[in-house]
file upload_28.tsv (TSV, C-alpha atoms)
chain	number	residue	atom	x	y	z
A	1	MET	CA	39.15	257.64	145.82
A	2	PRO	CA	39.95	259.72	142.67
A	3	GLU	CA	40.26	256.49	140.67
A	4	LYS	CA	36.91	255.28	142.01
A	5	LYS	CA	35.24	258.53	141.01
A	6	LEU	CA	36.72	258.26	137.53
A	7	GLU	CA	35.62	254.64	137.23
A	8	ARG	CA	32.05	255.47	138.22
A	9	ARG	CA	31.94	258.39	135.80
A	10	LEU	CA	33.30	256.29	132.94
A	11	LEU	CA	30.85	253.46	133.60
A	12	ARG	CA	27.95	255.91	133.72
A	13	ASN	CA	29.07	257.56	130.49
A	14	LEU	CA	29.60	254.21	128.76
A	15	GLU	CA	25.98	253.36	129.59
A	16	LEU	CA	24.95	256.62	127.90
A	17	VAL	CA	27.13	255.72	124.91
A	18	GLU	CA	25.47	252.31	124.67
A	19	ALA	CA	21.99	253.83	124.72
A	20	ARG	CA	23.01	256.38	122.10
A	21	LEU	CA	24.47	253.65	119.89
A	22	GLU	CA	21.21	251.73	120.02
A	23	ASP	CA	19.33	254.93	119.20
A	24	CYS	CA	21.60	255.61	116.21
A	25	ALA	CA	21.21	252.06	114.92
A	26	GLY	CA	17.44	252.46	115.14
A	27	ARG	CA	17.35	255.67	113.10
A	28	ALA	CA	17.32	254.02	109.67
A	29	ALA	CA	14.28	254.83	107.55
A	30	ASP	CA	13.90	251.16	106.61
A	31	PRO	CA	13.34	248.65	109.47
A	32	ARG	CA	15.39	246.08	107.55
A	33	VAL	CA	18.39	248.41	107.68
A	34	THR	CA	17.75	248.92	111.40
A	35	GLU	CA	17.89	245.16	111.94
A	36	ILE	CA	21.12	244.77	109.98
A	37	VAL	CA	23.09	247.71	111.37
A	38	GLY	CA	21.86	246.94	114.88
A	39	HIS	CA	23.11	243.36	114.68
A	40	LEU	CA	26.74	243.98	115.70
A	41	VAL	CA	25.83	246.92	117.92
A	42	ALA	CA	23.61	244.61	119.99
A	43	ALA	CA	26.32	241.93	120.06
A	44	GLY	CA	28.50	244.27	122.13
A	45	GLY	CA	32.27	244.24	122.18
A	46	LYS	CA	35.06	245.74	124.25
A	47	ARG	CA	33.96	249.33	123.45
A	48	MET	CA	37.62	250.31	123.67
A	49	ARG	CA	37.37	253.25	121.24
A	50	PRO	CA	34.54	255.04	123.08
A	51	LEU	CA	36.33	254.37	126.37
A	52	LEU	CA	39.43	256.06	124.97
A	53	THR	CA	37.33	259.01	123.80
A	54	LEU	CA	35.85	259.38	127.28
A	55	LEU	CA	39.26	259.11	128.94
A	56	ALA	CA	40.69	261.75	126.60
A	57	ALA	CA	37.81	264.05	127.55
A	58	GLU	CA	38.97	263.83	131.17
A	59	PHE	CA	41.84	266.17	130.25
A	60	GLY	CA	39.27	268.90	129.57
A	61	ASP	CA	35.61	269.26	130.55
A	62	SER	CA	34.35	265.67	130.48
A	63	SER	CA	30.76	266.88	130.92
A	64	ALA	CA	30.92	269.16	127.86
A	65	PRO	CA	28.06	268.81	125.36
A	66	GLY	CA	28.86	266.33	122.64
A	67	VAL	CA	31.40	264.21	124.54
A	68	ILE	CA	29.02	261.23	124.53
A	69	ASP	CA	28.30	261.70	120.82
A	70	ALA	CA	32.07	261.90	120.16
A	71	ALA	CA	32.45	258.48	121.81
A	72	VAL	CA	29.55	257.17	119.73
A	73	VAL	CA	31.18	258.45	116.53
A	74	ALA	CA	34.36	256.51	117.40
A	75	GLU	CA	32.39	253.29	117.87
A	76	LEU	CA	30.26	253.76	114.76
A	77	VAL	CA	33.37	254.15	112.58
A	78	HIS	CA	34.91	251.11	114.26
A	79	THR	CA	31.77	249.00	113.75
A	80	ALA	CA	31.65	250.08	110.10
A	81	SER	CA	35.22	248.86	109.70
A	82	LEU	CA	34.25	245.47	111.18
A	83	HIS	CA	31.55	245.07	108.51
A	84	HIS	CA	34.16	245.68	105.81
A	85	ASP	CA	36.87	243.56	107.46
A	86	ASP	CA	34.53	240.58	107.80
A	87	VAL	CA	33.76	240.73	104.10
A	88	MET	CA	37.47	240.90	103.26
A	89	ASP	CA	38.24	238.00	105.63
A	90	ARG	CA	35.14	235.95	104.77
A	91	ALA	CA	34.51	235.78	108.52
A	92	ALA	CA	31.55	233.75	109.74
A	93	ILE	CA	31.46	234.95	113.37
A	94	ARG	CA	31.92	238.31	115.06
A	95	HIS	CA	31.50	238.97	118.80
A	96	GLY	CA	30.12	235.45	119.19
A	97	VAL	CA	27.25	235.92	116.70
A	98	PRO	CA	27.01	235.31	112.94
A	99	SER	CA	28.77	238.09	111.04
A	100	VAL	CA	26.63	240.44	108.96
A	101	ASN	CA	28.13	239.08	105.73
A	102	ALA	CA	27.40	235.49	106.80
A	103	GLN	CA	23.78	236.31	107.62
A	104	TRP	CA	22.86	238.82	104.91
A	105	GLY	CA	25.63	238.55	102.29
A	106	ASN	CA	28.69	240.57	101.34
A	107	SER	CA	26.90	243.32	99.44
A	108	VAL	CA	24.53	244.05	102.31
A	109	ALA	CA	27.42	244.00	104.82
A	110	VAL	CA	29.38	246.57	102.81
A	111	LYS	CA	26.33	248.83	102.43
A	112	ALA	CA	25.58	248.53	106.15
A	113	GLY	CA	29.15	249.57	106.93
A	114	ASN	CA	28.75	252.55	104.62
A	115	TRP	CA	25.50	253.51	106.37
A	116	LEU	CA	27.30	253.49	109.71
A	117	LEU	CA	30.03	255.76	108.33
A	118	ALA	CA	27.37	258.14	107.06
A	119	ARG	CA	25.61	258.12	110.45
A	120	ALA	CA	28.94	258.85	112.16
A	121	ALA	CA	29.47	261.81	109.80
A	122	GLN	CA	26.02	263.16	110.70
A	123	LEU	CA	26.89	263.06	114.40
A	124	SER	CA	30.32	264.59	113.77
A	125	ALA	CA	28.65	267.54	112.04
A	126	GLY	CA	27.03	268.44	115.36
A	127	LEU	CA	30.33	268.49	117.25
A	128	ASP	CA	33.29	270.88	117.19
A	129	ALA	CA	34.02	272.32	113.75
A	130	SER	CA	37.21	270.23	113.53
A	131	ALA	CA	35.39	266.93	114.17
A	132	VAL	CA	34.32	266.27	110.57
A	133	PRO	CA	37.81	266.84	109.08
A	134	LEU	CA	39.27	264.60	111.80
A	135	GLN	CA	36.77	261.84	111.07
A	136	ALA	CA	37.30	262.19	107.32
A	137	ALA	CA	41.07	261.87	107.74
A	138	ALA	CA	40.73	258.83	110.02
A	139	SER	CA	38.24	257.16	107.65
A	140	GLU	CA	40.55	257.83	104.71
A	141	ARG	CA	43.46	256.15	106.51
A	142	LEU	CA	41.28	253.24	107.59
A	143	ILE	CA	40.03	252.56	104.05
A	144	LEU	CA	43.50	253.05	102.59
A	145	GLY	CA	44.81	250.43	105.02
A	146	GLN	CA	42.08	248.01	103.94
A	147	ILE	CA	42.93	248.56	100.27
A	148	GLN	CA	46.66	248.14	100.92
A	149	GLU	CA	45.97	244.91	102.77
A	150	LEU	CA	44.02	243.57	99.80
A	151	ALA	CA	46.59	244.75	97.24
A	152	GLY	CA	49.65	243.49	99.08
A	153	PRO	CA	53.10	245.10	99.07
A	154	ALA	CA	54.22	247.03	96.02
A	155	ARG	CA	57.70	246.33	94.72
A	156	PRO	CA	60.29	246.96	96.11
A	157	GLU	CA	58.48	247.35	99.46
A	158	ASP	CA	59.24	244.47	101.82
A	159	ARG	CA	56.40	242.58	103.46
A	160	LEU	CA	57.19	243.69	107.01
A	161	SER	CA	57.18	247.38	106.07
A	162	HIS	CA	53.90	246.84	104.24
A	163	TYR	CA	52.42	245.10	107.30
A	164	PHE	CA	53.25	247.99	109.62
A	165	GLY	CA	51.88	250.49	107.11
A	166	VAL	CA	48.62	248.55	106.93
A	167	ILE	CA	48.10	248.22	110.68
A	168	SER	CA	49.06	251.84	111.24
A	169	ASP	CA	46.21	252.88	108.95
A	170	LYS	CA	43.71	250.12	109.75
A	171	SER	CA	44.07	250.03	113.54
A	172	ALA	CA	46.16	252.85	114.93
A	173	ALA	CA	44.43	255.60	112.96
A	174	LEU	CA	41.04	254.93	114.55
A	175	ILE	CA	42.41	254.61	118.08
A	176	SER	CA	44.38	257.83	117.67
A	177	PHE	CA	41.28	259.54	116.25
A	178	SER	CA	39.11	258.38	119.16
A	179	LEU	CA	41.47	260.01	121.65
A	180	ARG	CA	41.97	263.20	119.68
A	181	LEU	CA	38.20	263.64	119.20
A	182	GLY	CA	37.51	263.23	122.92
A	183	ALA	CA	40.15	265.82	123.85
A	184	LEU	CA	38.85	268.21	121.19
A	185	GLN	CA	35.22	267.96	122.26
A	186	ALA	CA	36.13	268.47	125.92
A	187	GLY	CA	38.15	271.59	125.13
A	188	ALA	CA	41.48	270.14	126.26
A	189	PRO	CA	44.64	272.11	125.35
A	190	ALA	CA	45.84	271.48	121.79
A	191	HIS	CA	49.14	269.93	122.92
A	192	VAL	CA	47.20	267.38	125.00
A	193	GLY	CA	45.36	266.26	121.87
A	194	GLU	CA	48.68	265.86	120.07
A	195	VAL	CA	50.17	263.79	122.89
A	196	LEU	CA	47.07	261.58	123.08
A	197	ALA	CA	47.18	261.07	119.31
A	198	GLU	CA	50.82	259.92	119.52
A	199	TYR	CA	49.95	257.58	122.40
A	200	GLY	CA	47.06	256.22	120.33
A	201	GLU	CA	49.25	255.50	117.30
A	202	HIS	CA	51.56	253.26	119.34
A	203	LEU	CA	48.73	251.72	121.36
A	204	GLY	CA	46.91	250.92	118.11
A	205	VAL	CA	49.90	249.15	116.57
A	206	ALA	CA	50.41	247.16	119.77
A	207	PHE	CA	46.71	246.29	119.89
A	208	GLN	CA	46.80	244.87	116.36
A	209	ILE	CA	49.90	242.80	117.13
A	210	SER	CA	48.12	241.44	120.20
A	211	ASP	CA	45.21	240.52	117.90
A	212	ASP	CA	47.68	238.62	115.69
A	213	LEU	CA	48.99	236.69	118.68
A	214	ILE	CA	45.52	235.97	120.07
A	215	ASP	CA	44.34	234.65	116.69
A	216	ILE	CA	47.05	231.98	117.01
A	217	THR	CA	46.87	231.17	120.72
A	218	SER	CA	43.28	231.61	121.95
A	219	SER	CA	40.37	229.22	121.60
A	220	PRO	CA	37.29	230.09	119.50
A	221	SER	CA	35.16	230.25	122.66
A	222	LEU	CA	37.36	233.04	124.03
A	223	LEU	CA	37.80	234.78	120.70
A	224	GLY	CA	34.13	234.94	119.77
A	225	LYS	CA	35.29	234.02	116.24
A	226	GLU	CA	37.21	231.19	114.59
A	227	GLN	CA	40.81	230.51	115.57
A	228	GLY	CA	43.48	230.96	112.92
A	229	LYS	CA	41.24	233.21	110.82
A	230	ASP	CA	44.27	234.97	109.32
A	231	LEU	CA	45.71	231.65	108.15
A	232	ALA	CA	42.34	230.64	106.74
A	233	VAL	CA	42.09	233.68	104.48
A	234	GLY	CA	45.78	234.04	103.70
A	235	VAL	CA	46.39	237.24	105.70
A	236	SER	CA	50.02	237.44	106.83
A	237	SER	CA	50.08	238.33	110.51
A	238	LEU	CA	53.28	239.52	112.18
A	239	PRO	CA	54.33	236.06	113.50
A	240	VAL	CA	53.84	234.59	110.01
A	241	LEU	CA	55.94	237.34	108.41
A	242	LEU	CA	58.68	236.84	110.99
A	243	VAL	CA	58.76	233.11	110.24
A	244	LEU	CA	58.93	233.75	106.50
A	245	SER	CA	61.84	236.17	106.95
A	246	ASP	CA	63.78	233.80	109.20
A	247	ALA	CA	66.07	231.15	107.71
A	248	ASP	CA	65.94	228.97	110.85
A	249	PRO	CA	65.70	225.34	109.58
A	250	ARG	CA	63.40	224.53	112.48
A	251	ASN	CA	60.72	226.52	110.62
A	252	ASP	CA	61.12	224.63	107.33
A	253	GLU	CA	57.88	222.66	107.75
A	254	LEU	CA	55.96	225.78	108.74
A	255	ARG	CA	57.35	227.78	105.81
A	256	ALA	CA	56.38	224.96	103.45
A	257	LEU	CA	52.81	225.09	104.73
A	258	LEU	CA	52.69	228.87	104.44
A	259	ALA	CA	54.11	228.74	100.91
A	260	GLY	CA	51.26	226.50	99.76
A	261	PRO	CA	47.86	227.58	98.43
A	262	LYS	CA	46.56	230.80	99.95
A	263	GLY	CA	44.20	230.06	102.82
A	264	LEU	CA	44.97	227.03	105.02
A	265	ARG	CA	42.16	224.64	105.91
A	266	GLY	CA	41.63	221.59	108.09
A	267	GLU	CA	44.72	219.69	109.16
A	268	SER	CA	47.08	222.11	107.39
A	269	ARG	CA	45.77	225.03	109.43
A	270	SER	CA	45.83	223.06	112.68
A	271	ARG	CA	49.42	222.02	112.04
A	272	ALA	CA	50.46	225.57	111.11
A	273	LEU	CA	48.87	226.91	114.30
A	274	ALA	CA	50.70	224.33	116.41
A	275	LEU	CA	54.04	225.15	114.76
A	276	LEU	CA	53.49	228.88	115.11
A	277	GLN	CA	52.72	228.51	118.80
A	278	GLU	CA	56.07	226.75	119.27
A	279	SER	CA	58.10	229.16	117.14
A	280	ARG	CA	60.38	231.97	118.27
A	281	ALA	CA	58.31	234.30	116.09
A	282	MET	CA	55.68	234.54	118.82
A	283	ASP	CA	58.22	235.90	121.32
A	284	ARG	CA	59.68	238.25	118.69
A	285	ALA	CA	56.23	239.59	117.83
A	286	GLY	CA	55.51	240.03	121.54
A	287	ALA	CA	58.74	241.98	121.95
A	288	ILE	CA	57.78	244.34	119.09
A	289	MET	CA	54.36	244.82	120.69
A	290	ASN	CA	56.02	245.73	123.99
A	291	GLU	CA	58.28	248.23	122.22
A	292	HIS	CA	55.23	250.09	120.98
A	293	LEU	CA	53.60	249.92	124.40
A	294	ALA	CA	56.75	251.45	125.90
A	295	LYS	CA	56.54	254.28	123.36
A	296	ALA	CA	52.88	254.79	124.24
A	297	ARG	CA	53.75	255.02	127.93
A	298	SER	CA	56.58	257.43	127.13
A	299	ALA	CA	54.13	259.76	125.36
A	300	LEU	CA	51.94	259.81	128.47
A	301	ALA	CA	54.79	261.38	130.45
A	302	GLU	CA	53.83	264.74	128.90
A	303	LEU	CA	50.31	264.61	130.34
A	304	PRO	CA	49.25	265.83	133.81
A	305	VAL	CA	49.64	263.20	136.51
A	306	GLY	CA	46.30	261.91	137.74
A	307	PRO	CA	43.66	259.18	137.39
A	308	PRO	CA	43.07	259.64	133.61
A	309	ARG	CA	46.78	259.29	132.82
A	310	ARG	CA	47.07	256.27	135.11
A	311	ALA	CA	44.04	254.72	133.40
A	312	LEU	CA	45.67	255.17	129.97
A	313	ASP	CA	48.84	253.60	131.32
A	314	GLY	CA	46.73	250.71	132.62
A	315	LEU	CA	45.33	250.15	129.12
A	316	CYS	CA	48.89	249.35	128.02
A	317	ASP	CA	48.91	246.56	130.64
A	318	PHE	CA	45.55	245.36	129.31
A	319	VAL	CA	46.85	245.15	125.73
A	320	ALA	CA	49.99	243.32	126.86
A	321	SER	CA	48.04	240.67	128.77
A	322	ARG	CA	44.76	240.31	126.85
A	323	LYS	CA	43.60	236.85	125.79
A	324	GLN	CA	40.58	237.81	123.65

call {"tool": "encode", "arguments": {"input": "upload_28.tsv", "output": "structure tokens"}}
result
Amino acid sequence: MPEKKLERRLLRNLELVEARLEDCAGRAADPRVTEIVGHLVAAGGKRMRPLLTLLAAEFGDSSAPGVIDAAVVAELVHTASLHHDDVMDRAAIRHGVPSVNAQWGNSVAVKAGNWLLARAAQLSAGLDASAVPLQAAASERLILGQIQELAGPARPEDRLSHYFGVISDKSAALISFSLRLGALQAGAPAHVGEVLAEYGEHLGVAFQISDDLIDITSSPSLLGKEQGKDLAVGVSSLPVLLVLSDADPRNDELRALLAGPKGLRGESRSRALALLQESRAMDRAGAIMNEHLAKARSALAELPVGPPRRALDGLCDFVASRKQ
């Protein structure tokens, strides 16, 4: 019964978040901006970041004023990052619809992402006094991760260390922020916010690795975007980096494909995907993902036992088994 009550409360609050997101997207002074920034909001998504914010709020007063807006802030920052990522990746599809950059161009997509960050900052200003500094720090890490991804590793940094630095900033920072903001707005004890932030860092790294694996294994219909997108734009996912660092002769053909021109197309990409799916790198990447999920679960041990903690533990199962 406690789990059912939590589920009903979360579903009700997620509906409020959705309505608030639509309201925020419709607040632009220019109707053309409203259309553009509302495009991905209307397309939906997993809404994982606002869900995490709402779950974190369960460790305090989940009905406190501003908890819904805190969840909206988390999703606005995330959606802004998608606008920027799609430009970087030259993505054509996002959440099963044309990406903003594909429909309106790169410049408009970047500006729309910036507008969403500004809107998130406006909402943060109405929350706890610590909300704006938290959002600023998370946004700084997110943008730094995007820049590092574009720039590539600096000598003598190895490519695997660079990869984990990038995903820590690009993915884990926002997930950790979403949890910390929810706990803060609900008035949870400070140590609870710290524990949730640590959990979020490991969950975020694991989530990005699962994205890497899904990009290789899932069909475009499940993904809501093209398969092998990382290969298409020359982004080195964890399985690719593990193949490149492994001298196994069975990967010679795959390494030759990966060493070719940046951005695989057509038959080359299809062949690389097939070889990656058969490689040991997929199992190795999965094992690293599970290590981070184990660390996330370990962090939860410091939280009070109850439905919210069990729900966060269940999210680790979701990340481990997700197909899209």

call {"tool": "residues_near_point", "arguments": {"input": "upload_28.tsv", "point": "(34.5, 256.7, 137.3)", "cutoff": "12 Å", "atoms": "all atoms listed in the file", "output": "list in words"}}
result
Met1, Pro2, Glu3, Lys4, Lys5, Leu6, Glu7, Arg8, Arg9, Leu10, Leu11, Arg12, Asn13, Leu14, Glu15, Leu51, Leu54, Leu55, Glu58, Ser62, Pro307, Pro308 and Ala311 of chain A

call {"tool": "closest_residue", "arguments": {"input": "upload_28.tsv", "among": "A:Gly96, A:Gly113, A:Gly193, A:Gly38", "to": "Arg180 in chain A", "atoms": "only C-alpha atoms"}}
result
A:Gly193

call {"tool": "residues_near_point", "arguments": {"input": "upload_28.tsv", "point": "(48.8, 243.9, 106.1)", "cutoff": "9 Å", "atoms": "only C-alpha atoms", "output": "list in words"}}
result
Gly145, Gln146, Gln148, Glu149, Leu150, Gly152, Pro153, Arg159, Leu160, His162, Tyr163, Phe164, Gly165, Val166, Ile167, Lys170, Val235, Ser236, Ser237 and Leu238 of chain A

call {"tool": "atom_distance", "arguments": {"input": "upload_28.tsv", "atom1": "CA of Asp30 in chain A", "atom2": "CA of Ala138 in chain A"}}
result
28.1 Å

call {"tool": "atom_distance", "arguments": {"input": "upload_28.tsv", "atom1": "CA of Ala29 in chain A", "atom2": "CA of Met48 in chain A"}}
result
28.7 Å

call {"tool": "closest_residue", "arguments": {"input": "upload_28.tsv", "among": "A:Asp230, A:Glu157, A:Glu278, A:Glu253", "to": "Ala91 in chain A", "atoms": "all atoms listed in the file"}}
result
A:Asp230

call {"tool": "closest_residue", "arguments": {"input": "upload_28.tsv", "among": "A:Lys229, A:Arg32, A:Arg250, A:Arg322", "to": "Ala281 in chain A", "atoms": "only C-alpha atoms"}}
result
A:Arg250

call {"tool": "closest_residue", "arguments": {"input": "upload_28.tsv", "among": "A:Ala137, A:Asp89, A:Ser321, A:Ala256", "to": "Gly234 in chain A", "atoms": "all atoms listed in the file"}}
result
A:Asp89

call {"tool": "closest_residue", "arguments": {"input": "upload_28.tsv", "among": "A:Asp86, A:Glu194, A:Glu22, A:Glu302", "to": "Val72 in chain A", "atoms": "only C-alpha atoms"}}
result
A:Glu22

call {"tool": "atom_distance", "arguments": {"input": "upload_28.tsv", "atom1": "CA of Arg20 in chain A", "atom2": "CA of Tyr199 in chain A"}}
result
27.0 Å

call {"tool": "residues_around", "arguments": {"input": "upload_28.tsv", "residues": "Gly266 in chain A", "least_positions_apart": "3", "cutoff": "12 Å", "atoms": "all atoms listed in the file", "output": "list in words"}}
result
Gln227, Gly228, Lys229, Leu231, Ala232, Gly263, Arg269, Ser270, Arg271, Ala272 and Leu273 of chain A

call {"tool": "closest_residue", "arguments": {"input": "upload_28.tsv", "among": "A:Cys24, A:Ser63, A:Thr34, A:Ala173", "to": "His78 in chain A", "atoms": "all atoms listed in the file"}}
result
A:Ala173

call {"tool": "build_atoms", "arguments": {"input": "upload_28.tsv", "residues": "range 292-302 of chain A", "atoms": "all heavy atoms", "output": "short mmCIF file (atom, residue, chain, number, x, y, z; two decimals), in the coordinates of the input"}}
result
data_model
loop_
_atom_site.label_atom_id
_atom_site.label_comp_id
_atom_site.auth_asym_id
_atom_site.auth_seq_id
_atom_site.Cartn_x
_atom_site.Cartn_y
_atom_site.Cartn_z
N HIS A 292 56.22 249.06 121.26
CA HIS A 292 55.23 250.09 120.98
C HIS A 292 54.47 250.50 122.24
O HIS A 292 54.13 251.69 122.41
CB HIS A 292 54.26 249.62 119.90
CG HIS A 292 54.84 249.71 118.53
ND1 HIS A 292 54.86 250.89 117.81
CD2 HIS A 292 55.45 248.79 117.74
CE1 HIS A 292 55.45 250.69 116.64
NE2 HIS A 292 55.81 249.43 116.57
N LEU A 293 54.24 249.57 123.14
CA LEU A 293 53.60 249.92 124.40
C LEU A 293 54.51 250.83 125.23
O LEU A 293 54.03 251.76 125.88
CB LEU A 293 53.24 248.66 125.19
CG LEU A 293 52.11 247.82 124.61
CD1 LEU A 293 51.95 246.52 125.40
CD2 LEU A 293 50.80 248.60 124.59
N ALA A 294 55.81 250.58 125.18
CA ALA A 294 56.75 251.45 125.90
C ALA A 294 56.73 252.86 125.32
O ALA A 294 56.81 253.86 126.05
CB ALA A 294 58.16 250.86 125.83
N LYS A 295 56.62 252.97 123.99
CA LYS A 295 56.54 254.28 123.36
C LYS A 295 55.23 254.98 123.71
O LYS A 295 55.20 256.21 123.88
CB LYS A 295 56.68 254.15 121.85
CG LYS A 295 58.08 253.73 121.41
CD LYS A 295 58.16 253.53 119.90
CE LYS A 295 59.56 253.12 119.47
NZ LYS A 295 59.64 252.85 118.01
N ALA A 296 54.15 254.21 123.82
CA ALA A 296 52.88 254.79 124.24
C ALA A 296 52.98 255.34 125.66
O ALA A 296 52.54 256.46 125.94
CB ALA A 296 51.76 253.74 124.15
N ARG A 297 53.58 254.56 126.54
CA ARG A 297 53.75 255.02 127.93
C ARG A 297 54.63 256.27 127.98
O ARG A 297 54.40 257.18 128.78
CB ARG A 297 54.38 253.92 128.77
CG ARG A 297 53.52 252.69 129.00
CD ARG A 297 54.25 251.73 129.91
NE ARG A 297 53.78 250.37 129.83
CZ ARG A 297 52.76 249.87 130.53
NH1 ARG A 297 52.10 250.65 131.36
NH2 ARG A 297 52.42 248.61 130.40
N SER A 298 55.67 256.29 127.15
CA SER A 298 56.58 257.43 127.13
C SER A 298 55.84 258.71 126.72
O SER A 298 56.08 259.79 127.28
CB SER A 298 57.73 257.16 126.15
OG SER A 298 58.60 258.26 126.07
N ALA A 299 54.92 258.59 125.77
CA ALA A 299 54.13 259.76 125.36
C ALA A 299 53.30 260.30 126.52
O ALA A 299 53.13 261.52 126.67
CB ALA A 299 53.24 259.40 124.18
N LEU A 300 52.79 259.40 127.35
CA LEU A 300 51.94 259.81 128.47
C LEU A 300 52.68 260.69 129.47
O LEU A 300 52.05 261.43 130.24
CB LEU A 300 51.39 258.58 129.21
CG LEU A 300 50.37 257.72 128.45
CD1 LEU A 300 49.97 256.52 129.30
CD2 LEU A 300 49.15 258.53 128.06
N ALA A 301 54.00 260.61 129.48
CA ALA A 301 54.79 261.38 130.45
C ALA A 301 54.57 262.88 130.29
O ALA A 301 54.83 263.66 131.22
CB ALA A 301 56.28 261.05 130.29
N GLU A 302 54.07 263.32 129.14
CA GLU A 302 53.83 264.74 128.90
C GLU A 302 52.45 265.20 129.37
O GLU A 302 52.12 266.38 129.26
CB GLU A 302 54.00 265.05 127.41
CG GLU A 302 55.39 264.77 126.87
CD GLU A 302 55.53 265.20 125.43
OE1 GLU A 302 55.04 266.29 125.08
OE2 GLU A 302 56.12 264.43 124.65
#
